[in-house]
Every structure is written in C-alpha cells, then in structure tokens.
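Read through the structure below, which is laid out as structure tokens, and then see the notes.
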Amino acid sequence: MARELMLRDPFDAAFMTLREAIDRLFDQALVRPFDGGTSLSAGLPVNLYELPDRYHVAIRMPGVRPESLEVQALGSTLTIRGEMAAPEIENEKNVAILRRDWSGGRFARTIEFGDPIDAEHIEARLENGVLHVTVPKAEAIRPRVIKVQVAR
C-alpha cells in the first residue's frame, strides 16, 4: 500500500505543469466519458475498497443485464462497459414525457489502481443491481509473512 509522495513548493501551487494538465484531461475523459452530450457513467456510483491482497469494486447499476456488461483489465486499469435500457411504457401510444431524470444508453467506468493487478484472477458478479468486482493485487506486491529460522 505504498503511496508516492511528491513535495511541492507552496509558492508554485497556482501553476500546473503541462503533464499535470494532460493527466487531468485524460482522467476526466476516462472516468466520465460523454455519450452524445449525456453521461450515464457519472450516474453510476462506485465504492472502492482496498484489502491487503485485493481491491473490491462495487458499482450500483439497477436494471443492467449481465450479458450487456464487459469487464476489462489492462495493466493497473479496470474498465467496465455496458448498456442500460431506457424505461418504457409498454403498449401505450402518444405518451408525453413530463419528466425524465434518467435514460438508457452506453456507459463506461475506468478505475486506475496505484498498484499492479492480477488480471487473470479478477471475478465479477451482478447481485441485486450491484456489480461486485474482486480485483486481486499482483503477487509481487502482496504482503508476505516470512518465517524466521533458528540458527544452529
């Protein structure tokens, strides 16, 4: 769980480097992609937990069918894509929409982990409208207990 710390000059806080600006742009583009002017991704709340040997991601996505979901891992990045069906009134014609707080469409959420992950052992399950994804940390960064031998 080592974190990289960077010291900064307090008088330099008002200035952003080009690299920081580009990183921020990519973070915003990957975390909240826009789809035709609307963003379903921003409406999908995510809880992210870290355990000693794995991460656990929980994303609330009511009404999403498991067959419409795709979970992809690359490097230390997890991307979840899918499609949410728009609610419709069956067998009705000439319906006027008085209010629409949500609609259907494609979505994507990308999570960047600070440490390498074990993509071969990721598990995902959809339960009661919540997608649970277990993301094991790479073996090289997992904490290990080393048994001390007695010298003879």
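If you're wondering about the labels, chains in the structure tokens are A, B, ... by order shown, residues count from 1 in each chain, ligands from 1 in order shown.
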
DSSP-assigned strand (DSSP E) members of stretch 19-128 of chain A, reported as a PDB file with N, CA and C atoms, in the first residue's frame:
ATOM      1  N   VAL A  46     -19.822   4.479  -7.459  1.00  0.00           N
ATOM      2  CA  VAL A  46     -18.808   3.450  -7.273  1.00  0.00           C
ATOM      3  C   VAL A  46     -18.262   3.517  -5.849  1.00  0.00           C
ATOM      4  N   ASN A  47     -18.185   2.361  -5.198  1.00  0.00           N
ATOM      5  CA  ASN A  47     -17.457   2.238  -3.934  1.00  0.00           C
ATOM      6  C   ASN A  47     -16.228   1.394  -4.225  1.00  0.00           C
ATOM      7  N   LEU A  48     -15.081   1.820  -3.719  1.00  0.00           N
ATOM      8  CA  LEU A  48     -13.817   1.128  -3.959  1.00  0.00           C
ATOM      9  C   LEU A  48     -13.163   0.855  -2.616  1.00  0.00           C
ATOM     10  N   TYR A  49     -12.844  -0.416  -2.366  1.00  0.00           N
ATOM     11  CA  TYR A  49     -12.246  -0.829  -1.102  1.00  0.00           C
ATOM     12  C   TYR A  49     -10.889  -1.458  -1.375  1.00  0.00           C
ATOM     13  N   GLU A  50      -9.940  -1.239  -0.453  1.00  0.00           N
ATOM     14  CA  GLU A  50      -8.629  -1.874  -0.570  1.00  0.00           C
ATOM     15  C   GLU A  50      -8.413  -2.795   0.615  1.00  0.00           C
ATOM     16  N   ARG A  54      -6.158  -7.574  -2.166  1.00  0.00           N
ATOM     17  CA  ARG A  54      -7.050  -7.320  -3.297  1.00  0.00           C
ATOM     18  C   ARG A  54      -7.786  -5.989  -3.135  1.00  0.00           C
ATOM     19  N   TYR A  55      -8.443  -5.596  -4.233  1.00  0.00           N
ATOM     20  CA  TYR A  55      -9.370  -4.473  -4.222  1.00  0.00           C
ATOM     21  C   TYR A  55     -10.775  -5.044  -4.411  1.00  0.00           C
ATOM     22  N   HIS A  56     -11.765  -4.327  -3.933  1.00  0.00           N
ATOM     23  CA  HIS A  56     -13.157  -4.703  -4.175  1.00  0.00           C
ATOM     24  C   HIS A  56     -13.866  -3.467  -4.716  1.00  0.00           C
ATOM     25  N   VAL A  57     -14.495  -3.629  -5.871  1.00  0.00           N
ATOM     26  CA  VAL A  57     -15.226  -2.545  -6.523  1.00  0.00           C
ATOM     27  C   VAL A  57     -16.703  -2.900  -6.492  1.00  0.00           C
ATOM     28  N   ALA A  58     -17.543  -1.976  -6.043  1.00  0.00           N
ATOM     29  CA  ALA A  58     -18.996  -2.163  -6.055  1.00  0.00           C
ATOM     30  C   ALA A  58     -19.601  -0.982  -6.810  1.00  0.00           C
ATOM     31  N   ILE A  59     -20.354  -1.295  -7.860  1.00  0.00           N
ATOM     32  CA  ILE A  59     -20.981  -0.256  -8.682  1.00  0.00           C
ATOM     33  C   ILE A  59     -22.476  -0.523  -8.733  1.00  0.00           C
ATOM     34  N   ARG A  60     -23.236   0.481  -8.346  1.00  0.00           N
ATOM     35  CA  ARG A  60     -24.696   0.357  -8.377  1.00  0.00           C
ATOM     36  C   ARG A  60     -25.168   0.567  -9.806  1.00  0.00           C
ATOM     37  N   GLU A  70     -19.268  -5.685 -19.807  1.00  0.00           N
ATOM     38  CA  GLU A  70     -17.926  -6.126 -20.192  1.00  0.00           C
ATOM     39  C   GLU A  70     -16.947  -5.567 -19.175  1.00  0.00           C
ATOM     40  N   VAL A  71     -16.158  -6.436 -18.559  1.00  0.00           N
ATOM     41  CA  VAL A  71     -15.138  -6.029 -17.596  1.00  0.00           C
ATOM     42  C   VAL A  71     -13.795  -6.329 -18.231  1.00  0.00           C
ATOM     43  N   GLN A  72     -12.951  -5.303 -18.312  1.00  0.00           N
ATOM     44  CA  GLN A  72     -11.662  -5.454 -18.985  1.00  0.00           C
ATOM     45  C   GLN A  72     -10.550  -4.916 -18.094  1.00  0.00           C
ATOM     46  N   ALA A  73      -9.436  -5.647 -18.026  1.00  0.00           N
ATOM     47  CA  ALA A  73      -8.278  -5.213 -17.243  1.00  0.00           C
ATOM     48  C   ALA A  73      -7.077  -5.067 -18.169  1.00  0.00           C
ATOM     49  N   LEU A  74      -6.327  -3.993 -17.969  1.00  0.00           N
ATOM     50  CA  LEU A  74      -5.115  -3.755 -18.739  1.00  0.00           C
ATOM     51  C   LEU A  74      -4.135  -3.023 -17.838  1.00  0.00           C
ATOM     52  N   THR A  77      -5.288  -0.952 -14.734  1.00  0.00           N
ATOM     53  CA  THR A  77      -6.549  -0.270 -15.023  1.00  0.00           C
ATOM     54  C   THR A  77      -7.680  -1.276 -15.219  1.00  0.00           C
ATOM     55  N   LEU A  78      -8.824  -0.986 -14.640  1.00  0.00           N
ATOM     56  CA  LEU A  78     -10.020  -1.794 -14.803  1.00  0.00           C
ATOM     57  C   LEU A  78     -11.076  -0.931 -15.490  1.00  0.00           C
ATOM     58  N   THR A  79     -11.652  -1.432 -16.581  1.00  0.00           N
ATOM     59  CA  THR A  79     -12.698  -0.698 -17.291  1.00  0.00           C
ATOM     60  C   THR A  79     -13.954  -1.556 -17.340  1.00  0.00           C
ATOM     61  N   ILE A  80     -15.073  -0.947 -16.996  1.00  0.00           N
ATOM     62  CA  ILE A  80     -16.366  -1.626 -17.009  1.00  0.00           C
ATOM     63  C   ILE A  80     -17.253  -0.885 -18.000  1.00  0.00           C
ATOM     64  N   ARG A  81     -17.733  -1.617 -19.001  1.00  0.00           N
ATOM     65  CA  ARG A  81     -18.602  -1.041 -20.021  1.00  0.00           C
ATOM     66  C   ARG A  81     -19.923  -1.801 -20.028  1.00  0.00           C
ATOM     67  N   GLY A  82     -20.953  -1.123 -20.469  1.00  0.00           N
ATOM     68  CA  GLY A  82     -22.234  -1.791 -20.580  1.00  0.00           C
ATOM     69  C   GLY A  82     -23.272  -0.897 -21.192  1.00  0.00           C
ATOM     70  N   GLU A  83     -24.490  -1.378 -21.142  1.00  0.00           N
ATOM     71  CA  GLU A  83     -25.611  -0.613 -21.693  1.00  0.00           C
ATOM     72  C   GLU A  83     -26.803  -0.756 -20.766  1.00  0.00           C
ATOM     73  N   MET A  84     -27.447   0.362 -20.533  1.00  0.00           N
ATOM     74  CA  MET A  84     -28.628   0.399 -19.685  1.00  0.00           C
ATOM     75  C   MET A  84     -29.836   0.707 -20.580  1.00  0.00           C
ATOM     76  N   GLY A 105     -28.727   3.984 -22.342  1.00  0.00           N
ATOM     77  CA  GLY A 105     -27.588   4.240 -23.213  1.00  0.00           C
ATOM     78  C   GLY A 105     -26.355   3.486 -22.736  1.00  0.00           C
ATOM     79  N   ARG A 106     -25.262   3.697 -23.449  1.00  0.00           N
ATOM     80  CA  ARG A 106     -23.999   3.032 -23.123  1.00  0.00           C
ATOM     81  C   ARG A 106     -23.277   3.805 -22.031  1.00  0.00           C
ATOM     82  N   PHE A 107     -22.484   3.083 -21.253  1.00  0.00           N
ATOM     83  CA  PHE A 107     -21.685   3.720 -20.208  1.00  0.00           C
ATOM     84  C   PHE A 107     -20.350   3.011 -20.090  1.00  0.00           C
ATOM     85  N   ALA A 108     -19.407   3.683 -19.465  1.00  0.00           N
ATOM     86  CA  ALA A 108     -18.088   3.102 -19.181  1.00  0.00           C
ATOM     87  C   ALA A 108     -17.532   3.768 -17.935  1.00  0.00           C
ATOM     88  N   ARG A 109     -16.924   2.971 -17.073  1.00  0.00           N
ATOM     89  CA  ARG A 109     -16.230   3.476 -15.888  1.00  0.00           C
ATOM     90  C   ARG A 109     -14.835   2.877 -15.912  1.00  0.00           C
ATOM     91  N   THR A 110     -13.837   3.699 -15.709  1.00  0.00           N
ATOM     92  CA  THR A 110     -12.450   3.255 -15.669  1.00  0.00           C
ATOM     93  C   THR A 110     -11.873   3.600 -14.315  1.00  0.00           C
ATOM     94  N   ILE A 111     -11.226   2.607 -13.704  1.00  0.00           N
ATOM     95  CA  ILE A 111     -10.611   2.785 -12.394  1.00  0.00           C
ATOM     96  C   ILE A 111      -9.129   2.480 -12.530  1.00  0.00           C
ATOM     97  N   GLU A 112      -8.309   3.405 -12.127  1.00  0.00           N
ATOM     98  CA  GLU A 112      -6.852   3.239 -12.159  1.00  0.00           C
ATOM     99  C   GLU A 112      -6.392   2.916 -10.748  1.00  0.00           C
ATOM    100  N   GLU A 123     -12.699 -11.465 -10.619  1.00  0.00           N
ATOM    101  CA  GLU A 123     -14.035 -12.063 -10.612  1.00  0.00           C
ATOM    102  C   GLU A 123     -15.077 -10.959 -10.550  1.00  0.00           C
ATOM    103  N   ALA A 124     -16.184 -11.148 -11.291  1.00  0.00           N
ATOM    104  CA  ALA A 124     -17.259 -10.155 -11.297  1.00  0.00           C
ATOM    105  C   ALA A 124     -18.595 -10.879 -11.176  1.00  0.00           C
ATOM    106  N   ARG A 125     -19.489 -10.300 -10.353  1.00  0.00           N
ATOM    107  CA  ARG A 125     -20.833 -10.855 -10.226  1.00  0.00           C
ATOM    108  C   ARG A 125     -21.826  -9.706 -10.036  1.00  0.00           C
ATOM    109  N   LEU A 126     -22.987  -9.867 -10.647  1.00  0.00           N
ATOM    110  CA  LEU A 126     -24.057  -8.882 -10.542  1.00  0.00           C
ATOM    111  C   LEU A 126     -25.100  -9.440  -9.577  1.00  0.00           C
ATOM    112  N   GLU A 127     -25.327  -8.703  -8.490  1.00  0.00           N
ATOM    113  CA  GLU A 127     -26.238  -9.173  -7.450  1.00  0.00           C
ATOM    114  C   GLU A 127     -27.130  -8.029  -6.986  1.00  0.00           C
TER     115      GLU A 127
END

Q. Nearest to A:Asp115: which of A:Pro45, A:Gly63, A:Pro87, A:Pro136 is it, counting only C-alpha atoms?
A.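 Comparing A:Pro45, A:Gly63, A:Pro87, A:Pro136 against A:Asp115, the winner is A:Pro136.
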
Which polymer residues have any atom within 6 Å of an atom of A:Ile117, counting only C-alpha atoms, with same-chain residues fewer than 5 positions away left out, as a PDB file with all heavy atoms, in the first residue's frame?
ATOM      1  N   SER A  76      -2.699  -1.717 -14.785  1.00  0.00           N
ATOM      2  CA  SER A  76      -3.288  -1.496 -13.461  1.00  0.00           C
ATOM      3  C   SER A  76      -4.634  -0.781 -13.579  1.00  0.00           C
ATOM      4  O   SER A  76      -5.076  -0.105 -12.667  1.00  0.00           O
ATOM      5  CB  SER A  76      -2.325  -0.694 -12.580  1.00  0.00           C
ATOM      6  OG  SER A  76      -2.084   0.572 -13.159  1.00  0.00           O
ATOM      7  N   PRO A 136      -7.701  -8.990  -7.568  1.00  0.00           N
ATOM      8  CA  PRO A 136      -6.521  -9.342  -6.773  1.00  0.00           C
ATOM      9  C   PRO A 136      -5.321  -8.467  -7.137  1.00  0.00           C
ATOM     10  O   PRO A 136      -5.140  -8.101  -8.304  1.00  0.00           O
ATOM     11  CB  PRO A 136      -6.237 -10.793  -7.155  1.00  0.00           C
ATOM     12  CG  PRO A 136      -7.461 -11.272  -7.862  1.00  0.00           C
ATOM     13  CD  PRO A 136      -8.126 -10.070  -8.435  1.00  0.00           C
ATOM     14  N   LYS A 137      -4.536  -8.126  -6.136  1.00  0.00           N
ATOM     15  CA  LYS A 137      -3.293  -7.413  -6.394  1.00  0.00           C
ATOM     16  C   LYS A 137      -2.291  -8.405  -6.981  1.00  0.00           C
ATOM     17  O   LYS A 137      -2.376  -9.609  -6.736  1.00  0.00           O
ATOM     18  CB  LYS A 137      -2.729  -6.826  -5.102  1.00  0.00           C
ATOM     19  CG  LYS A 137      -3.601  -5.726  -4.529  1.00  0.00           C
ATOM     20  CD  LYS A 137      -2.998  -5.175  -3.262  1.00  0.00           C
ATOM     21  CE  LYS A 137      -3.860  -4.068  -2.690  1.00  0.00           C
ATOM     22  NZ  LYS A 137      -3.280  -3.533  -1.444  1.00  0.00           N
ATOM     23  N   ALA A 138      -1.345  -7.907  -7.761  1.00  0.00           N
ATOM     24  CA  ALA A 138      -0.310  -8.767  -8.320  1.00  0.00           C
ATOM     25  C   ALA A 138       0.472  -9.411  -7.184  1.00  0.00           C
ATOM     26  O   ALA A 138       0.691  -8.796  -6.133  1.00  0.00           O
ATOM     27  CB  ALA A 138       0.608  -7.960  -9.226  1.00  0.00           C
TER      28      ALA A 138
END

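For the pair atom CA of A:Glu67 and atom CA of A:Gly104, the separation is 15.6 Å.
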
Q: Check the smallest atom-to-atom distance from each of A:Asp53, A:Glu90, A:Glu20, A:Asp101 to A:Ile141 using only C-alpha atoms, then report the winner.
A: A:Asp53

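Among the candidate residues A:Leu51, A:Lys147, A:Leu98, A:Val64, the one lying nearest to A:Val135 is A:Leu51, with distances computed using only C-alpha atoms.
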